[in-house]
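K.L.:
Sharing entry.csv, CSV, C-alpha atoms:
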chain,number,residue,atom,x,y,z
T,1,MET,CA,161.5,-14.2,188.0
T,2,SER,CA,161.5,-17.9,188.9
T,3,ASP,CA,161.6,-20.7,186.3
T,4,SER,CA,158.3,-22.0,187.5
T,5,LYS,CA,156.6,-18.8,186.5
T,6,SER,CA,158.4,-18.7,183.2
T,7,LEU,CA,157.0,-22.1,182.3
T,8,ALA,CA,153.5,-21.2,183.2
T,9,SER,CA,152.5,-19.4,180.0
T,10,ARG,CA,152.5,-20.7,176.4
T,11,TRP,CA,154.8,-19.9,173.5
T,12,ARG,CA,153.2,-18.0,170.7
T,13,ARG,CA,154.1,-17.9,167.1
T,14,ILE,CA,154.6,-14.4,165.6
T,15,GLU,CA,156.0,-13.1,162.3
T,16,LYS,CA,159.5,-13.6,160.9
T,17,GLY,CA,159.9,-17.1,162.3
T,18,PHE,CA,159.9,-16.0,165.9
T,19,VAL,CA,158.1,-17.5,168.9
T,20,VAL,CA,157.5,-15.4,172.0
T,21,LYS,CA,156.5,-16.0,175.6
T,22,PHE,CA,154.9,-13.2,177.7
T,23,GLU,CA,155.0,-13.3,181.5
T,24,LEU,CA,152.8,-10.3,182.4
T,25,ALA,CA,150.9,-11.5,185.5
T,26,GLU,CA,152.9,-9.3,187.8
T,27,LEU,CA,155.8,-7.0,188.1
T,28,PRO,CA,158.6,-7.5,187.2
T,29,TYR,CA,157.5,-8.8,183.9
T,30,ARG,CA,159.5,-10.7,181.3
T,31,VAL,CA,159.2,-11.3,177.6
T,32,VAL,CA,161.3,-13.8,175.7
T,33,ALA,CA,161.5,-14.2,172.0
T,34,THR,CA,163.6,-16.6,169.8
T,35,ASP,CA,163.8,-17.7,166.2
T,36,PHE,CA,165.6,-20.8,167.5
T,37,GLY,CA,168.9,-19.2,166.6
T,38,ALA,CA,169.1,-16.0,168.6
T,39,VAL,CA,167.3,-15.2,171.9
T,40,PHE,CA,166.0,-11.8,172.9
T,41,THR,CA,164.6,-10.8,176.3
T,42,CYS,CA,162.9,-7.9,178.0
T,43,ASP,CA,162.9,-7.7,181.8
T,44,VAL,CA,161.0,-4.7,183.3
T,45,ASP,CA,160.8,-4.0,187.0
T,46,ARG,CA,158.3,-1.6,188.7
T,47,ALA,CA,160.4,1.5,188.1
T,48,GLY,CA,160.9,0.7,184.5
T,49,PHE,CA,157.3,-0.1,184.1
T,50,ARG,CA,156.3,3.3,185.5
T,51,GLN,CA,158.7,5.0,183.3
T,52,GLN,CA,157.3,3.2,180.3
T,53,ARG,CA,153.7,3.9,181.1
T,54,GLU,CA,154.5,7.6,181.6
T,55,SER,CA,156.1,7.8,178.2
T,56,HIS,CA,153.0,6.1,176.6
T,57,TYR,CA,150.3,7.7,178.7
T,58,PRO,CA,151.4,10.7,180.7
T,59,GLY,CA,149.0,12.1,183.3
T,60,GLU,CA,147.3,8.9,184.2
T,61,GLU,CA,148.7,8.6,187.8
T,62,SER,CA,145.2,7.8,189.2
T,63,VAL,CA,145.3,4.4,187.5
T,64,SER,CA,147.1,1.6,189.4
T,65,ASP,CA,150.1,-0.2,187.9
T,66,HIS,CA,148.2,-3.4,188.2
T,67,ASP,CA,145.3,-2.1,186.1
T,68,VAL,CA,147.6,-0.8,183.4
T,69,LEU,CA,149.4,-4.2,183.4
T,70,MET,CA,146.1,-6.0,183.0
T,71,GLU,CA,145.3,-3.7,180.0
T,72,VAL,CA,148.7,-4.6,178.5
T,73,GLN,CA,147.9,-8.3,179.0
T,74,SER,CA,144.6,-7.8,177.3
T,75,LEU,CA,146.2,-5.9,174.4
T,76,VAL,CA,148.7,-8.7,173.9
T,77,ASP,CA,145.9,-11.3,174.0
T,78,ARG,CA,143.9,-9.7,171.2
T,79,ALA,CA,146.5,-8.1,168.9
T,80,ASP,CA,149.4,-9.3,166.8
T,81,PRO,CA,152.7,-7.5,167.3
T,82,ARG,CA,154.7,-5.7,164.6
T,83,ILE,CA,158.4,-6.6,164.8
T,84,GLU,CA,160.8,-3.7,164.5
T,85,GLN,CA,164.4,-4.9,164.4
T,86,VAL,CA,167.5,-2.6,164.8
T,87,ASP,CA,170.5,-4.2,163.1
T,88,ASN,CA,174.2,-3.4,163.3
T,89,GLY,CA,175.7,-5.0,160.3
T,90,ASN,CA,174.8,-8.7,160.5
T,91,GLU,CA,173.7,-8.5,164.2
T,92,THR,CA,170.4,-7.5,165.6
T,93,THR,CA,171.1,-5.2,168.6
T,94,LYS,CA,167.4,-4.5,169.5
T,95,MET,CA,164.0,-5.8,168.6
T,96,ASN,CA,160.8,-4.0,169.4
T,97,LEU,CA,157.4,-5.8,169.6
T,98,ARG,CA,154.8,-3.1,169.0
T,99,PHE,CA,151.2,-3.8,169.9
T,100,THR,CA,148.4,-1.5,168.8
T,101,ALA,CA,144.6,-1.9,169.1
T,102,GLU,CA,141.5,0.0,169.9
T,103,MET,CA,140.1,-0.9,173.3
T,104,ASP,CA,136.9,0.6,174.6
T,105,GLY,CA,137.1,3.3,171.9
T,106,ILE,CA,140.6,4.3,172.9
T,107,GLN,CA,143.7,3.6,170.8
T,108,PHE,CA,146.0,1.6,173.0
T,109,GLU,CA,149.7,0.9,172.2
T,110,TRP,CA,152.5,-0.8,174.0
T,111,VAL,CA,156.1,-1.5,172.9
T,112,PHE,CA,158.3,-4.2,174.4
T,113,VAL,CA,161.9,-3.5,173.8
T,114,LEU,CA,163.9,-6.8,173.6
T,115,LYS,CA,167.7,-7.1,173.6
T,116,PRO,CA,170.0,-10.0,172.8
T,117,ALA,CA,170.3,-12.4,175.7
T,118,SER,CA,173.6,-13.5,177.1
T,119,LEU,CA,174.9,-16.9,176.1
T,120,GLU,CA,174.1,-18.3,179.6
T,121,LEU,CA,170.5,-17.0,179.5
T,122,SER,CA,170.0,-18.2,175.9
T,123,GLN,CA,171.0,-21.7,177.0
T,124,VAL,CA,168.6,-21.5,179.9
T,125,VAL,CA,165.8,-20.4,177.6
T,126,VAL,CA,166.4,-23.3,175.2
T,127,ARG,CA,166.8,-25.9,177.9
T,128,ASP,CA,164.3,-24.9,180.6
T,129,MET,CA,161.6,-23.0,178.5
T,130,LEU,CA,161.6,-25.0,175.3
T,131,VAL,CA,163.2,-28.4,175.4
T,132,GLN,CA,162.4,-29.6,178.9
T,133,PRO,CA,158.7,-28.6,178.8
T,134,LEU,CA,158.3,-30.4,175.4
T,135,LEU,CA,159.9,-33.5,176.8
T,136,ASP,CA,157.7,-33.4,179.9
T,137,VAL,CA,154.6,-33.0,177.7
T,138,GLN,CA,155.7,-35.9,175.5
T,139,SER,CA,156.3,-38.1,178.5
T,140,ALA,CA,152.9,-37.3,180.0
T,141,LEU,CA,151.1,-38.0,176.7
T,142,MET,CA,152.9,-41.3,176.3
T,143,ASN,CA,151.9,-42.3,179.8
T,144,GLN,CA,148.3,-41.3,179.1
T,145,ARG,CA,148.3,-43.2,175.8
T,146,ASP,CA,149.6,-46.4,177.5
T,147,LYS,CA,147.0,-46.1,180.2
T,148,LEU,CA,144.2,-45.6,177.6
T,149,PHE,CA,145.5,-48.7,175.7
T,150,ARG,CA,145.4,-50.8,178.9
T,151,LEU,CA,141.8,-49.6,179.7
T,152,LEU,CA,140.6,-50.4,176.1
T,153,LEU,CA,142.1,-53.8,176.2
T,154,ALA,CA,140.6,-54.5,179.6
T,155,LYS,CA,137.2,-53.4,178.4
T,156,ASP,CA,137.5,-55.7,175.3
T,157,SER,CA,138.3,-58.6,177.6
T,158,GLU,CA,135.3,-57.7,179.8
T,159,ILE,CA,132.9,-57.5,176.9
T,160,LEU,CA,134.2,-60.8,175.5
T,161,ALA,CA,133.7,-62.5,178.8
T,162,TYR,CA,130.2,-61.1,179.1
T,163,LYS,CA,129.3,-62.2,175.5
T,164,SER,CA,130.7,-65.7,176.1
T,165,GLU,CA,128.7,-66.0,179.4
T,166,MET,CA,125.5,-64.9,177.8
T,167,GLU,CA,125.9,-67.3,174.8
T,168,LYS,CA,126.5,-70.2,177.1
T,169,SER,CA,123.6,-69.5,179.4
T,170,GLY,CA,121.2,-68.6,176.7
T,171,LEU,CA,119.5,-66.2,179.2
T,172,CYS,CA,119.2,-63.3,176.7
T,173,PRO,CA,120.4,-62.5,173.2
T,174,ILE,CA,123.6,-60.5,172.8
T,175,ARG,CA,122.8,-56.7,172.7
T,176,ARG,CA,123.8,-55.1,169.4
T,177,SER,CA,125.7,-52.5,171.3
T,178,LEU,CA,128.1,-55.1,172.5
T,179,ILE,CA,129.0,-56.1,168.9
T,180,THR,CA,132.2,-54.1,168.8
T,181,GLU,CA,135.5,-54.3,167.0
T,182,ALA,CA,138.4,-55.3,169.3
T,183,PHE,CA,141.0,-52.6,169.9
T,184,ASP,CA,144.3,-53.3,168.1
T,185,SER,CA,147.1,-51.0,169.3
T,186,THR,CA,149.4,-51.9,166.5
T,187,THR,CA,146.9,-51.0,163.8
T,188,PHE,CA,145.9,-47.8,165.7
T,189,LEU,CA,149.6,-46.6,165.9
T,190,SER,CA,150.2,-47.5,162.3
T,191,ASP,CA,147.1,-45.6,161.1
T,192,TRP,CA,148.0,-42.6,163.3
T,193,ALA,CA,151.6,-42.5,162.0
T,194,GLU,CA,150.1,-42.3,158.5
T,195,HIS,CA,147.7,-39.5,159.6
T,196,GLU,CA,150.5,-37.5,161.2
T,197,SER,CA,152.6,-37.8,158.0
T,198,LEU,CA,149.8,-36.4,156.0
T,199,ILE,CA,149.3,-33.5,158.4
T,200,ALA,CA,153.1,-32.7,158.3
T,201,THR,CA,153.0,-32.4,154.5
T,202,THR,CA,149.9,-30.2,154.3
T,203,SER,CA,150.2,-27.8,157.2
T,204,ASP,CA,152.5,-25.8,159.4
T,205,ILE,CA,152.4,-24.4,162.9
T,206,ARG,CA,149.5,-22.1,163.1
T,207,PRO,CA,150.1,-18.5,164.0
T,208,HIS,CA,148.5,-16.9,167.0
T,209,VAL,CA,144.8,-16.0,166.3
T,210,SER,CA,143.9,-12.7,167.9
T,211,ASN,CA,141.1,-12.8,170.5
T,212,LYS,CA,138.9,-10.0,169.1
T,213,GLU,CA,136.1,-10.8,171.6
T,214,GLU,CA,135.4,-7.8,173.8
T,215,ARG,CA,136.0,-8.3,177.4
T,216,PRO,CA,135.1,-6.1,180.4
T,217,SER,CA,137.9,-3.6,181.1
T,218,LYS,CA,139.1,-2.4,184.4
T,219,ARG,CA,140.5,0.8,182.9
T,220,ARG,CA,139.0,3.9,184.1
T,221,ASN,CA,140.6,6.1,181.5
T,222,VAL,CA,143.9,4.6,180.5
T,223,GLY,CA,144.7,5.9,177.1
T,224,PRO,CA,146.7,8.6,175.2
T,225,PRO,CA,145.8,12.2,175.8
T,226,ARG,CA,142.9,13.4,173.6
As structure tokens, what does this structure read like?
P.N.:
Amino acid sequence: MSDSKSLASRWRRIEKGFVVKFELAELPYRVVATDFGAVFTCDVDRAGFRQQRESHYPGEESVSDHDVLMEVQSLVDRADPRIEQVDNGNETTKMNLRFTAEMDGIQFEWVFVLKPASLELSQVVVRDMLVQPLLDVQSALMNQRDKLFRLLLAKDSEILAYKSEMEKSGLCPIRRSLITEAFDSTTFLSDWAEHESLIATTSDIRPHVSNKEERPSKRRNVGPPR
């Protein structure tokens, strides 16, 4: 799975201090989870996916892999996982993310089995999937902010020139809508820094909020045997 695909989805906060990224658009799929100390991954190819769907829902061969995968994506979108860790002393050897929800009147469940990533892959996850995207976003936001500041200052200059011209000509009174307060970037940044400090002391990263809204399903009859 290419890095460009891995960077396409968003990290999601789950329980026990973990964040997780799901890449379920196509097979093979990948799931990556980290608590910023250890990294766990789950890579499933088509053969592994078929084995997994057979263990969960035997006798559903008439439903395509794509449709089942879309149901898994829908399940992930609307439900919160339960983490089941398997420890060997002080080391976690396996971590299951178990999703369960009722979809179209059928109890649907899927388990992602994650194992500790190698040191090399852990470094790639931290560098390419966490740090670099954050730096890219920060750079883009800074550029957008600087551009907005320039536009605001240019607009202030335009309004000031217009007001000055109207006052000198006496052609018409100055419209009340042009009586504006000039933009001061220093004051704005100072006020925003104080606002951010207040937010940091009163809130935390919000967990994922399940999307409970019903959506049309492509499943013909994907579900456990009745």
K.L.:
To one decimal place in Å, what is the distance between atom CA of T:Glu194 and atom CA of T:Val19?
P.N.:
28.1 Å
K.L.:
How far is it from atom CA of T:Gln132 to atom CA of T:Gln85, in Å with one decimal?
P.N.:
28.7 Å
K.L.:
Write out as a Markdown table a residue-level contact list of stretch 35-97 of chain T versus stretch 102-114 of chain T with cut-off 9 Å: for each qualifying residue the closest pair of atoms and the distance in Å to one decimal, counting only C-alpha atoms, rows sorted by chain and residue number upward.
P.N.:
| residue | atom | partner | partner_atom | distance |
| --- | --- | --- | --- | --- |
| T:Phe40 | CA | T:Leu114 | CA | 5.5 |
| T:Thr41 | CA | T:Leu114 | CA | 4.9 |
| T:Cys42 | CA | T:Leu114 | CA | 4.6 |
| T:Asp43 | CA | T:Leu114 | CA | 8.3 |
| T:Gln52 | CA | T:Val111 | CA | 8.8 |
| T:Arg53 | CA | T:Trp110 | CA | 8.6 |
| T:His56 | CA | T:Trp110 | CA | 7.4 |
| T:Glu71 | CA | T:Phe108 | CA | 8.8 |
| T:Val72 | CA | T:Trp110 | CA | 7.0 |
| T:Leu75 | CA | T:Phe108 | CA | 7.6 |
| T:Val76 | CA | T:Trp110 | CA | 8.8 |
| T:Pro81 | CA | T:Val111 | CA | 8.9 |
| T:Thr93 | CA | T:Leu114 | CA | 8.9 |
| T:Lys94 | CA | T:Leu114 | CA | 5.9 |
| T:Met95 | CA | T:Leu114 | CA | 5.1 |
| T:Asn96 | CA | T:Val113 | CA | 4.6 |
| T:Leu97 | CA | T:Phe112 | CA | 5.1 |
K.L.:
Rounded to one decimal, what separation in Å do you get between atom CA of T:Gly37 and atom CA of T:Gln123?
P.N.:
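These atoms are spaced 10.9 Å apart.
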K.L.:
Find the residue from T:Val126, T:Met142, T:Val137, T:Leu189 that sits nearest to T:Thr34; use only C-alpha atoms when measuring.
P.N.:
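The answer is T:Val126, which sits nearest to T:Thr34.
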